[in-house]
Amino acid sequence: MHFTSLCILMTLLALCWCLDNGLVRTPPMGWMTWQRYRCNIDCKSDPDNCIGENLIKSMADKMADSGWRDLGYVYVCIDDCWSRKQRDSNGRLEPDPERFPSGMKALADYVHAKGLKLGIYSDMGNYTCGGYPGTTLDTIKIDADTFASWEVDMLKFDGCYSNSTEKALGYPKMSEALNATGRPILYSCSWPAYEGGLPPKVNYTQLGSICNMWRNYGDIQDSWDSVLDIIEWYAKNQDVLQPAAGPGRWNDPDMLITGDFGLSYEQSKSQLAIWAILAAPFIMSNDLRTISQDAKDLLQNRLLIYINQDSMGKQGNLILRFGSLEVWKRELMNGQYAVAVLNKGTDGLPKPYSTSLGLLNVTQCTDGYKLYNVFEKEYLGIFKSSTGIDMRVNPTGVIFLFMRPVSTSYIP
């Protein structure tokens with residue numbers, strides 16, 4: 001199809017379909033299999049870590065019993081490699097019977113009984129990225145109906161093994177099919193990641209009308225280089241990305257990897273701070289059964305979550321570069337702000353940095369602001385517009401500040 005015709009088609013589809021499920025007015029929070037467990041289907045030699053109902057149940061147990069659910073981490077999401085290698089005789093997807101012997105509806109019931117929500121994965125294409133049956137244009141309705149019959153609460157819809165025209169038809173069509181089931185299902189679209197993530201190939205107005213969240217860049221890997229690459233891409237393209245986000249429609253820079261193997265403690269804080277500034281989904285991919293106390297404390301930091309879940313839903317942005325330092329800022333409800341000072345340097349020395357509320361353009365409240373160090377859980381005092389704010393930022397680390405007008409209160 002000619003590119004101009006494809007653009008016209010995408011515009012028409014944006015007018016035809018509309019996502020109206022009322023979900024995720026703040027960024028979704030939860031856990032997902034992919035980054036930590038990938039496509040591990042060897043349940044005979046690795047029964048505790050293979051993609052199967054035992055893994056999902058054990059993570060649901062931890063989310064319910066170890067404080068995660070009560071802080072908002074409620075989605076338990078199965079990524080790729082959960083299904084059989086072929087559809088059943090009625091053309092329906094079905095879970096692998098050896099790894100999911102109880103079936104998906106029973107698993108959803110188990111997760112729901114814990115006060116949690118179940119997410120599942122499919123792919124707009126002939127196959128999933130892992131080589132399992134995909135969802136083609138003629139199976140969208142039956143797959144949406146199947147997921148609803150299992151009482152699934154979220155669908156991650158990937159985009160391997162399809163072309164741009166098929167994606168332009170399929171992603172809106174799945175949105176309509178999910179809505180038609182009558183079941184509220186969070187719809188996570190990978191579409192823009194396959195089209196370069198930017199206009200003119202990506203129409204963010206359309207995405208906001210059909211999807212609750214969307215991946216728009218490459219997959220995160222368990223490394224600082226990967227996290228930094230994503231941060232740099234979001235900074236470079238923030239003028240396009242920031243206005244696209246808001247309640248019910250979120251940019252998704254991919255999973256949180258705190259608690260895995262590739263990030264130091266300082267780097268974990270950096271990912272969490274920038275993801276909170278970006279109003280990004282807080283979807284972990286780690287082992288909640290063995291996670292370190294330090295990683296757990298970071299992910300369960302109440303003020304961090306308070307910032308991420310701010311009901312204004314405004315994505316923050318990069319406001320200043322100073323050598324290896326970057327200053328990111330997010331406006332919050334009730335005159336509150338979050339500011340992250342990120343040190344991208346690796347030279348082994350903490351970087352000194354001095355600023356003020358005036359320099360950060362946080363000057364609305366003449367009585368001053370109360371400042372808090374988010375990760376140190378430290379109240380820093382009342383600061384006026386010209387009061388100096390001095391800090392030293394560790395290599396690949398961050399200083400994450402929360403500031404609120406003296407006259408306001410909050411309960412993190």
# chains A, B, ... in the order shown; residues from 1 in each chain; ligands from 1
call {"tool": "residues_around", "arguments": {"residues": "A:Ala279", "least_positions_apart": "6", "cutoff": "12 Å", "atoms": "only C-alpha atoms", "output": "PyMOL selection string"}}
result
chain A and resi 24-29+213+241-253+272-273+304-317+329-332+338
call {"tool": "residues_around", "arguments": {"residues": "stretch 153-159 of chain A", "least_positions_apart": "4", "cutoff": "10 Å", "atoms": "only C-alpha atoms", "output": "number ranges by chain"}}
result
A: 75-80, 108, 112, 116-129, 134-135, 144, 147-148, 163-164, 166-167, 170-171, 174, 178, 183-195, 212-215
call {"tool": "write_last_selection", "arguments": {"atoms": "N, CA and C atoms", "output": "short mmCIF file (atom, residue, chain, number, x, y, z; two decimals), in the first residue's frame"}}
result
data_model
loop_
_atom_site.label_atom_id
_atom_site.label_comp_id
_atom_site.auth_asym_id
_atom_site.auth_seq_id
_atom_site.Cartn_x
_atom_site.Cartn_y
_atom_site.Cartn_z
N TYR A 75 -1.36 -5.88 38.77
CA TYR A 75 -1.42 -6.68 37.54
C TYR A 75 -0.35 -7.76 37.57
N VAL A 76 -0.76 -9.01 37.39
CA VAL A 76 0.15 -10.15 37.27
C VAL A 76 0.07 -10.59 35.81
N CYS A 77 1.14 -10.38 35.06
CA CYS A 77 1.05 -10.46 33.60
C CYS A 77 1.91 -11.58 33.02
N ILE A 78 1.26 -12.42 32.23
CA ILE A 78 1.95 -13.47 31.49
C ILE A 78 2.34 -12.90 30.13
N ASP A 79 3.61 -12.98 29.78
CA ASP A 79 4.06 -12.53 28.46
C ASP A 79 4.02 -13.71 27.49
N ASP A 80 4.89 -13.74 26.54
CA ASP A 80 4.87 -14.73 25.45
C ASP A 80 5.09 -16.16 25.97
N ALA A 108 -7.04 -17.26 36.42
CA ALA A 108 -7.61 -15.93 36.66
C ALA A 108 -8.39 -15.90 37.97
N HIS A 112 -7.58 -13.40 40.98
CA HIS A 112 -8.63 -12.50 41.46
C HIS A 112 -8.91 -12.70 42.94
N LEU A 116 -5.98 -9.36 42.93
CA LEU A 116 -5.09 -8.96 41.85
C LEU A 116 -5.78 -9.11 40.51
N LYS A 117 -5.09 -8.70 39.44
CA LYS A 117 -5.63 -8.77 38.08
C LYS A 117 -4.66 -9.56 37.20
N LEU A 118 -5.21 -10.31 36.25
CA LEU A 118 -4.40 -11.15 35.38
C LEU A 118 -4.22 -10.52 34.01
N GLY A 119 -2.97 -10.45 33.57
CA GLY A 119 -2.66 -9.97 32.23
C GLY A 119 -2.18 -11.11 31.36
N ILE A 120 -2.43 -11.00 30.06
CA ILE A 120 -2.03 -12.04 29.11
C ILE A 120 -1.45 -11.37 27.87
N TYR A 121 -0.82 -12.17 27.03
CA TYR A 121 -0.08 -11.68 25.87
C TYR A 121 -0.63 -12.31 24.59
N SER A 122 -0.68 -11.51 23.53
CA SER A 122 -0.87 -12.03 22.19
C SER A 122 -0.11 -11.13 21.23
N ASP A 123 -0.19 -11.44 19.96
CA ASP A 123 0.61 -10.75 18.96
C ASP A 123 -0.22 -10.51 17.71
N MET A 124 -0.17 -9.26 17.21
CA MET A 124 -0.85 -8.93 15.96
C MET A 124 0.02 -9.41 14.80
N GLY A 125 -0.14 -10.68 14.47
CA GLY A 125 0.67 -11.27 13.41
C GLY A 125 0.42 -12.75 13.30
N ASN A 126 1.09 -13.37 12.36
CA ASN A 126 0.91 -14.80 12.14
C ASN A 126 1.43 -15.63 13.31
N TYR A 127 2.47 -15.13 13.97
CA TYR A 127 3.06 -15.81 15.11
C TYR A 127 3.40 -14.77 16.17
N THR A 128 3.52 -15.22 17.41
CA THR A 128 4.07 -14.35 18.44
C THR A 128 5.58 -14.23 18.20
N CYS A 129 6.22 -13.34 18.93
CA CYS A 129 7.66 -13.19 18.76
C CYS A 129 8.40 -14.47 19.12
N GLY A 134 -0.15 -16.53 16.56
CA GLY A 134 -0.47 -15.12 16.70
C GLY A 134 -1.95 -14.87 16.48
N THR A 135 -2.31 -13.60 16.56
CA THR A 135 -3.68 -13.16 16.29
C THR A 135 -3.70 -12.47 14.94
N ALA A 144 -10.37 -11.98 21.39
CA ALA A 144 -10.90 -11.05 22.40
C ALA A 144 -11.98 -11.73 23.23
N PHE A 147 -10.31 -14.23 25.65
CA PHE A 147 -9.69 -13.59 26.81
C PHE A 147 -10.75 -13.12 27.80
N ALA A 148 -11.84 -12.57 27.29
CA ALA A 148 -12.92 -12.13 28.18
C ALA A 148 -13.56 -13.30 28.91
N ASN A 163 2.83 -6.88 8.79
CA ASN A 163 3.33 -5.68 8.13
C ASN A 163 2.57 -4.45 8.63
N SER A 164 2.98 -3.29 8.16
CA SER A 164 2.41 -2.04 8.65
C SER A 164 0.92 -1.93 8.36
N GLU A 166 -1.26 -4.42 8.06
CA GLU A 166 -1.98 -5.32 8.98
C GLU A 166 -2.06 -4.73 10.38
N LYS A 167 -0.98 -4.10 10.83
CA LYS A 167 -1.00 -3.47 12.15
C LYS A 167 -2.00 -2.32 12.17
N GLY A 170 -5.27 -4.01 12.45
CA GLY A 170 -5.47 -4.93 13.56
C GLY A 170 -5.52 -4.30 14.93
N TYR A 171 -4.68 -3.31 15.19
CA TYR A 171 -4.67 -2.73 16.54
C TYR A 171 -5.98 -2.01 16.87
N MET A 174 -8.71 -4.75 17.36
CA MET A 174 -8.67 -5.42 18.66
C MET A 174 -9.23 -4.52 19.75
N LEU A 178 -12.23 -5.82 22.08
CA LEU A 178 -12.15 -5.88 23.54
C LEU A 178 -13.30 -5.12 24.18
N ARG A 183 -16.17 -6.59 28.99
CA ARG A 183 -15.27 -6.75 30.13
C ARG A 183 -14.18 -5.68 30.04
N PRO A 184 -13.94 -4.95 31.13
CA PRO A 184 -12.86 -3.96 31.11
C PRO A 184 -11.49 -4.64 31.06
N ILE A 185 -10.81 -4.49 29.95
CA ILE A 185 -9.50 -5.12 29.74
C ILE A 185 -8.50 -4.04 29.34
N LEU A 186 -7.50 -3.82 30.17
CA LEU A 186 -6.44 -2.87 29.86
C LEU A 186 -5.77 -3.32 28.56
N TYR A 187 -5.60 -2.38 27.66
CA TYR A 187 -5.08 -2.70 26.32
C TYR A 187 -3.71 -2.05 26.14
N SER A 188 -2.67 -2.88 26.11
CA SER A 188 -1.29 -2.42 25.94
C SER A 188 -0.84 -2.74 24.52
N CYS A 189 -0.52 -1.70 23.75
CA CYS A 189 -0.20 -1.85 22.33
C CYS A 189 1.30 -1.68 22.08
N SER A 190 1.87 -2.61 21.35
CA SER A 190 3.28 -2.48 20.95
C SER A 190 3.43 -1.86 19.56
N TRP A 191 2.36 -1.49 18.95
CA TRP A 191 2.33 -0.98 17.58
C TRP A 191 3.40 0.08 17.30
N PRO A 192 3.46 1.19 18.07
CA PRO A 192 4.40 2.24 17.68
C PRO A 192 5.86 1.81 17.71
N ALA A 193 6.20 0.83 18.56
CA ALA A 193 7.59 0.36 18.61
C ALA A 193 8.03 -0.26 17.29
N TYR A 194 7.08 -0.78 16.53
CA TYR A 194 7.39 -1.41 15.24
C TYR A 194 7.39 -0.40 14.09
N GLU A 195 6.97 0.83 14.38
CA GLU A 195 6.91 1.85 13.32
C GLU A 195 7.85 3.02 13.62
N ASN A 212 -4.61 1.87 26.04
CA ASN A 212 -4.36 2.43 27.36
C ASN A 212 -2.89 2.74 27.59
N MET A 213 -2.02 2.01 26.94
CA MET A 213 -0.58 2.23 27.05
C MET A 213 0.07 1.64 25.81
N TRP A 214 1.29 2.10 25.54
CA TRP A 214 1.94 1.64 24.31
C TRP A 214 3.46 1.67 24.47
N ARG A 215 4.07 0.64 23.95
CA ARG A 215 5.52 0.60 23.81
C ARG A 215 5.88 1.35 22.54
#
call {"tool": "select_by_dssp", "arguments": {"residues": "stretch 134-283 of chain A", "states": "strand (DSSP E or B)", "output": "short mmCIF file (atom, residue, chain, number, x, y, z; two decimals) with N, CA and C atoms, in the first residue's frame"}}
result
data_model
loop_
_atom_site.label_atom_id
_atom_site.label_comp_id
_atom_site.auth_asym_id
_atom_site.auth_seq_id
_atom_site.Cartn_x
_atom_site.Cartn_y
_atom_site.Cartn_z
N THR A 135 -2.31 -13.60 16.56
CA THR A 135 -3.68 -13.16 16.29
C THR A 135 -3.70 -12.47 14.94
N MET A 154 -6.01 -7.71 31.37
CA MET A 154 -5.07 -6.91 30.58
C MET A 154 -4.60 -7.73 29.40
N LEU A 155 -4.43 -7.07 28.26
CA LEU A 155 -3.85 -7.70 27.08
C LEU A 155 -2.66 -6.88 26.61
N LYS A 156 -1.49 -7.53 26.56
CA LYS A 156 -0.34 -6.95 25.87
C LYS A 156 -0.36 -7.49 24.44
N PHE A 157 -0.45 -6.59 23.46
CA PHE A 157 -0.62 -6.98 22.06
C PHE A 157 0.64 -6.60 21.29
N ASP A 158 1.49 -7.58 21.04
CA ASP A 158 2.78 -7.38 20.39
C ASP A 158 2.60 -7.27 18.87
N LEU A 186 -7.50 -3.82 30.17
CA LEU A 186 -6.44 -2.87 29.86
C LEU A 186 -5.77 -3.32 28.56
N TYR A 187 -5.60 -2.38 27.66
CA TYR A 187 -5.08 -2.70 26.32
C TYR A 187 -3.71 -2.05 26.14
N SER A 188 -2.67 -2.88 26.11
CA SER A 188 -1.29 -2.42 25.94
C SER A 188 -0.84 -2.74 24.52
N CYS A 189 -0.52 -1.70 23.75
CA CYS A 189 -0.20 -1.85 22.33
C CYS A 189 1.30 -1.68 22.08
N MET A 213 -2.02 2.01 26.94
CA MET A 213 -0.58 2.23 27.05
C MET A 213 0.07 1.64 25.81
N TRP A 214 1.29 2.10 25.54
CA TRP A 214 1.94 1.64 24.31
C TRP A 214 3.46 1.67 24.47
N ARG A 215 4.07 0.64 23.95
CA ARG A 215 5.52 0.60 23.81
C ARG A 215 5.88 1.35 22.54
N GLY A 246 -1.29 10.80 29.36
CA GLY A 246 -2.28 11.37 30.27
C GLY A 246 -3.14 10.26 30.86
N ARG A 249 -3.92 6.79 29.16
CA ARG A 249 -3.12 6.64 27.92
C ARG A 249 -1.65 6.99 28.24
N TRP A 250 -0.82 5.96 28.33
CA TRP A 250 0.52 6.13 28.87
C TRP A 250 1.60 5.66 27.90
N ASN A 251 2.66 6.46 27.78
CA ASN A 251 3.89 5.98 27.15
C ASN A 251 4.51 4.92 28.05
N ASP A 252 5.00 3.85 27.45
CA ASP A 252 5.57 2.74 28.23
C ASP A 252 7.02 2.52 27.83
N LEU A 256 10.36 -2.43 34.72
CA LEU A 256 11.32 -2.12 35.77
C LEU A 256 12.18 -3.35 36.02
N PHE A 282 4.53 1.19 36.11
CA PHE A 282 5.46 0.52 37.02
C PHE A 282 5.18 -0.98 36.95
N ILE A 283 5.68 -1.62 35.90
CA ILE A 283 5.52 -3.05 35.71
C ILE A 283 6.88 -3.72 35.93
#
call {"tool": "residues_around", "arguments": {"residues": "A:Tyr265", "least_positions_apart": "6", "cutoff": "10 Å", "atoms": "only C-alpha atoms", "output": "ChimeraX atom specification"}}
result
/A:258-259,294-295,298,396-397
call {"tool": "closest_residue", "arguments": {"among": "A:Leu357, A:Leu380, A:Val341, A:Ile257", "to": "A:Val398", "atoms": "only C-alpha atoms"}}
result
A:Val341
call {"tool": "residues_around", "arguments": {"residues": "stretch 38-42 of chain A", "least_positions_apart": "5", "cutoff": "7 Å", "atoms": "only C-alpha atoms", "output": "PyMOL selection string"}}
result
chain A and resi 33+50-51+80-81
call {"tool": "write_last_selection", "arguments": {"atoms": "N, CA and C atoms", "output": "CSV table (one decimal), in the first residue's frame"}}
result
chain,number,residue,atom,x,y,z
A,33,THR,N,6.3,-11.4,33.3
A,33,THR,CA,7.2,-12.5,33.2
A,33,THR,C,8.5,-12.2,32.3
A,50,CYS,N,9.8,-21.7,35.1
A,50,CYS,CA,9.3,-21.8,33.7
A,50,CYS,C,7.9,-21.1,33.6
A,51,ILE,N,7.6,-20.7,32.4
A,51,ILE,CA,6.3,-20.0,32.1
A,51,ILE,C,5.2,-21.0,32.3
A,80,ASP,N,4.9,-13.7,26.5
A,80,ASP,CA,4.9,-14.7,25.5
A,80,ASP,C,5.1,-16.2,26.0
A,81,CYS,N,4.8,-17.1,25.1
A,81,CYS,CA,5.1,-18.5,25.3
A,81,CYS,C,4.2,-19.3,26.3
call {"tool": "atom_distance", "arguments": {"atom1": "atom CA of A:Ser292", "atom2": "atom CA of A:Asp65"}}
result
16.0 Å
call {"tool": "closest_residue", "arguments": {"among": "A:Leu401, A:Asn361, A:Gln300, A:Glu232", "to": "A:Ile277", "atoms": "only C-alpha atoms"}}
result
A:Leu401
call {"tool": "closest_residue", "arguments": {"among": "A:Arg92, A:Lys44, A:Lys62, A:Lys384", "to": "A:Gly30", "atoms": "only C-alpha atoms"}}
result
A:Lys62
call {"tool": "select_by_dssp", "arguments": {"residues": "stretch 141-181 of chain A", "states": "alpha helix (DSSP H)", "output": "list in words"}}
result
Lys141, Ile142, Asp143, Ala144, Asp145, Thr146, Phe147, Ala148, Ser149, Ser164, Thr165, Glu166, Lys167, Ala168, Leu169, Gly170, Tyr171, Pro172, Lys173, Met174, Ser175, Glu176, Ala177, Leu178, Asn179 and Ala180 of chain A
call {"tool": "write_last_selection", "arguments": {"atoms": "C-alpha atoms", "output": "PDB file, in the first residue's frame"}}
result
ATOM      1  CA  LYS A 141     -12.821 -11.254  17.618  1.00  0.00           C
ATOM      2  CA  ILE A 142     -12.518 -14.870  18.720  1.00  0.00           C
ATOM      3  CA  ASP A 143      -9.346 -14.068  20.678  1.00  0.00           C
ATOM      4  CA  ALA A 144     -10.897 -11.054  22.398  1.00  0.00           C
ATOM      5  CA  ASP A 145     -13.928 -13.162  23.302  1.00  0.00           C
ATOM      6  CA  THR A 146     -11.665 -15.943  24.576  1.00  0.00           C
ATOM      7  CA  PHE A 147      -9.694 -13.586  26.805  1.00  0.00           C
ATOM      8  CA  ALA A 148     -12.915 -12.127  28.180  1.00  0.00           C
ATOM      9  CA  SER A 149     -14.319 -15.613  28.855  1.00  0.00           C
ATOM     10  CA  SER A 164       2.409  -2.039   8.646  1.00  0.00           C
ATOM     11  CA  THR A 165      -0.925  -2.344   6.860  1.00  0.00           C
ATOM     12  CA  GLU A 166      -1.982  -5.315   8.979  1.00  0.00           C
ATOM     13  CA  LYS A 167      -1.005  -3.469  12.146  1.00  0.00           C
ATOM     14  CA  ALA A 168      -2.924  -0.362  11.054  1.00  0.00           C
ATOM     15  CA  LEU A 169      -6.029  -2.517  10.707  1.00  0.00           C
ATOM     16  CA  GLY A 170      -5.473  -4.933  13.557  1.00  0.00           C
ATOM     17  CA  TYR A 171      -4.666  -2.729  16.536  1.00  0.00           C
ATOM     18  CA  PRO A 172      -7.837  -0.598  16.267  1.00  0.00           C
ATOM     19  CA  LYS A 173      -9.881  -3.695  15.479  1.00  0.00           C
ATOM     20  CA  MET A 174      -8.668  -5.421  18.658  1.00  0.00           C
ATOM     21  CA  SER A 175      -9.556  -2.301  20.653  1.00  0.00           C
ATOM     22  CA  GLU A 176     -13.095  -2.467  19.304  1.00  0.00           C
ATOM     23  CA  ALA A 177     -13.299  -6.222  19.935  1.00  0.00           C
ATOM     24  CA  LEU A 178     -12.151  -5.885  23.544  1.00  0.00           C
ATOM     25  CA  ASN A 179     -14.699  -3.138  24.183  1.00  0.00           C
ATOM     26  CA  ALA A 180     -17.419  -5.260  22.606  1.00  0.00           C
TER      27      ALA A 180
END
